[in-house]
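Report on the following structure.
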There are 2 protein chains.
Amino acid sequence: MLERMKSYKTYSAGETILWRGEPMEFVASVVAGVASLSKTMEDGRTQMVGLLLPSDFIGRPGRTHVEFDVVATTDLTLCRFERKPFEKLVIDTPHVAQRLMEMALDELDAARDWMILLGRKTAREKIATFLELLARRSEVDMVKAQISVNLPMTRDQIANFLGLTLETVSRQLNAMKKDGIIGFSGRKELEVLNVAALRDATGDDADGGMII
Amino acid sequence: MLERMKSYKTYSAGETILWRGEPMEFVASVVAGVASLSKTMEDGRTQMVGLLLPSDFIGRPGRTHVEFDVVATTDLTLCRFERKPFEKLVIDTPHVAQRLMEMALDELDAARDWMILLGRKTAREKIATFLELLARRSEVDMVKAQISVNLPMTRDQIANFLGLTLETVSRQLNAMKKDGIIGFSGRKELEVLNVAALRDATGDDADGGMII
DNA sequence: CGTTGGGTTGATATATGTCAAAGAGCGTGG
DNA sequence: CCACGCTCTTTGACATATATCAACCCAACG
């Protein structure tokens with residue numbers, strides 16, 4: 001089984017895991033930390049096209065190269081499998097192939113949601129959507145009835161994710177703090193003080209995509 | 001085989017083929033015309049998240065609903081198959097499943113390329129990229145050594161595709177005409193007069209994505 | 001402590017959006 | 001076959017969100 005050929009590897013924040021166009025000798029899943037997929041234009045403008053949080057998967061059957069850079073945003077642990085045996089597994093196991101298809105389609109949906117964010121949302125809506133995304137993926141403190149969110153990236157990286165500049169990110173974050181929607185307990189540590197207002201600020205419909 | 005259960009259906013420009021969230025009773029491929037996938041926010045802002053040109057496919061194994069509206073941009077002919085027998089075919093034929101996976105991954109790549117366009121490109125770069133996309137998919141007139149492109153949509157629809165307003169689209173198109181990069185022979189009919197300049201204006205690297 | 005990589009804040013520039021009006025095609029019906 | 005009335009497009013004047021440029025701050029870490 002897969003167990004036999006898996007190995008763990010850690011990367012430190014900022015390290016590039018794969019360069020665009022580079023052959024991919026393994027597939028992997030994120031165990032801990034955050035990684036990002038990003039594209040860069042000749043002149044240096046960059047845009048993140050995906051965020052990999054724990055449990056997310058990287059690598060595709062039939063694709064030997066990546067179309068973007070994969071970078072460790074925070075310190076990161078990957079659980080890696082060699083490509084070859086993995087491909088064999090996929091071919092032999094329809095169930096796995098099906099699961100991978102499911103994942104690819106989910107990613108496609110996510111990418112399309114991001115497209116409306118990038119193309120049509122205001123800076124404030126972008127920030128709110130981003131925070132809501134992180135909140136949904138993080139711990140809820142039932143006792144305090146508030147959600148604390150850990151920003152896994154710098155302002156600059158957030159800007160690259162949202163199609164903004166770091167200054168705009170900083171300003172909007174502080175504006176939302178002044179509005180009492182969020183509160184900081186550290187530069188990368190914040191609490192959502194008013195969940196309803198945050199949802200409102202995303203520009204999405206009342207319960208868009210939210211499964212409870 | 002599939003032959004037995006296929007049927008053709010035509011839609012006229014502007015007709016909505018599927019509404020977001022609606023159950024999908026069929027899968028289909030585009031025979032003629034252009035369709036678009038788009039998302040709309042509560043307040044009416046809309047963003048196209050995909051363009052379906054002839055030979056493109058719509059429908060996914062395991063997905064019974066669509067996450068966006070599918071609209072006929074021009075008059076359109078679809079070749080449709082009922083969902084159920086199609087799903088059966090997919091399960092029985094690994095080759096087909098593999099092909100579908102391939103297509104999903106291609107769409108994912110396209111979506112990600114669109115993300116950098118939406119998040120980081122200027123209006124002019126967006127227009128140039130769009131024209132180049134259409135040119136690549138259309139006829140090349142070898143004799144005249146020029147490429148004529150048919151715009152399959154209104155300025156407003158182009159704007160929704162590129163994350164712009166229709167006025168900006170109009171202005172940029174006319175600016176490129178003034179610069180001698182393109183020429184119009186009708187509102188929706190144009191020729192690329194300077195291919196190199198067009199490529200340059202996209203902001204992509206010299207031969208980005210171009211096969212040949 | 002000083003250095004250094006974020007982060008904040010301010011002043012200003014500018015690309016693109018918004019609002020408004022006028023033109024151009026084009027199909028339809030008299 | 002012309003003219004009317006659409007819708008789409010162009011163009012202009014103006015508004016504004018966000019980028020850009022620049023200085024300063026802060027907190028962590030050696």
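Chain labels A, B, ... are given in the sequence in which chains occur in the structure tokens; within each chain residues are numbered consecutively from 1, and ligands are likewise numbered from 1 in the order shown.
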
### Who sits within 8 Å of DT9 (chain D), only C-alpha atoms (C1' of nucleotides), same chain under 2 positions skipped, as a PyMOL selection string
(chain B and resi 155+170) or (chain C and resi 24)

Since we have the selection now, will you write its residues out, keeping N, CA, C and O atoms (P, O5', C5', C4', C3', O3' and C1' of nucleotides), as a PDB file, in the first residue's frame?
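Generated file (part.pdb):
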```
ATOM      1  N   ARG B 155     -19.656  44.415 -25.925  1.00  0.00           N
ATOM      2  CA  ARG B 155     -18.668  45.075 -25.067  1.00  0.00           C
ATOM      3  C   ARG B 155     -18.956  44.800 -23.600  1.00  0.00           C
ATOM      4  O   ARG B 155     -18.059  44.640 -22.778  1.00  0.00           O
ATOM      5  N   SER B 170     -14.449  49.509 -24.488  1.00  0.00           N
ATOM      6  CA  SER B 170     -14.587  50.274 -25.722  1.00  0.00           C
ATOM      7  C   SER B 170     -13.372  51.167 -25.936  1.00  0.00           C
ATOM      8  O   SER B 170     -12.787  51.197 -27.020  1.00  0.00           O
TER       9      SER B 170
ATOM     10  P    DA C  24     -22.484  58.600 -36.416  1.00  0.00           P
ATOM     11  O5'  DA C  24     -22.163  57.036 -36.361  1.00  0.00           O
ATOM     12  C5'  DA C  24     -22.591  56.284 -35.252  1.00  0.00           C
ATOM     13  C4'  DA C  24     -22.461  54.808 -35.511  1.00  0.00           C
ATOM     14  C3'  DA C  24     -22.888  54.331 -36.904  1.00  0.00           C
ATOM     15  O3'  DA C  24     -22.378  53.032 -37.051  1.00  0.00           O
ATOM     16  C1'  DA C  24     -24.561  53.789 -35.346  1.00  0.00           C
TER      17       DA C  24
END
```

### Task
Using only C-alpha atoms, find which residues of chain A lie within 6 Å of chain B and jot them down as number ranges by chain.
A: 47, 49, 108, 112, 115-116, 118-119, 163

### Message
Could you go through region 79-150 of chain A and tell me which residues DSSP, when run on the backbone, assigns to helix (DSSP H, G or I), listing them as an MDAnalysis selection string?
### Response
chainID A and resid 83:92 94:120 123:136

### Task
Restrict the distance test to only C-alpha atoms (C1' of nucleotides), flag each residue of chain D within 9 Å of chain A, and return the flagged residues as a list in words.
DA17, DT18 and DA19 of chain D

Saved selection, atoms kept: C-alpha atoms (C1' of nucleotides), as a PDB file, in the first residue's frame:
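That gives us selection02.pdb:
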```
ATOM      1  C1'  DA D  17     -10.736  53.668  -5.155  1.00  0.00           C
ATOM      2  C1'  DT D  18      -6.534  51.962  -5.092  1.00  0.00           C
ATOM      3  C1'  DA D  19      -1.684  52.318  -6.372  1.00  0.00           C
TER       4       DA D  19
END
```

### Message
With only C-alpha atoms (C1' of nucleotides) as the counted atoms, please give the residues lying no more than 7 Å from Leu190 (chain A), apart from itself and same-chain residues fewer than 6 positions off, as an MDAnalysis selection string.
### Response
chainID A and resid 148:150 182:184
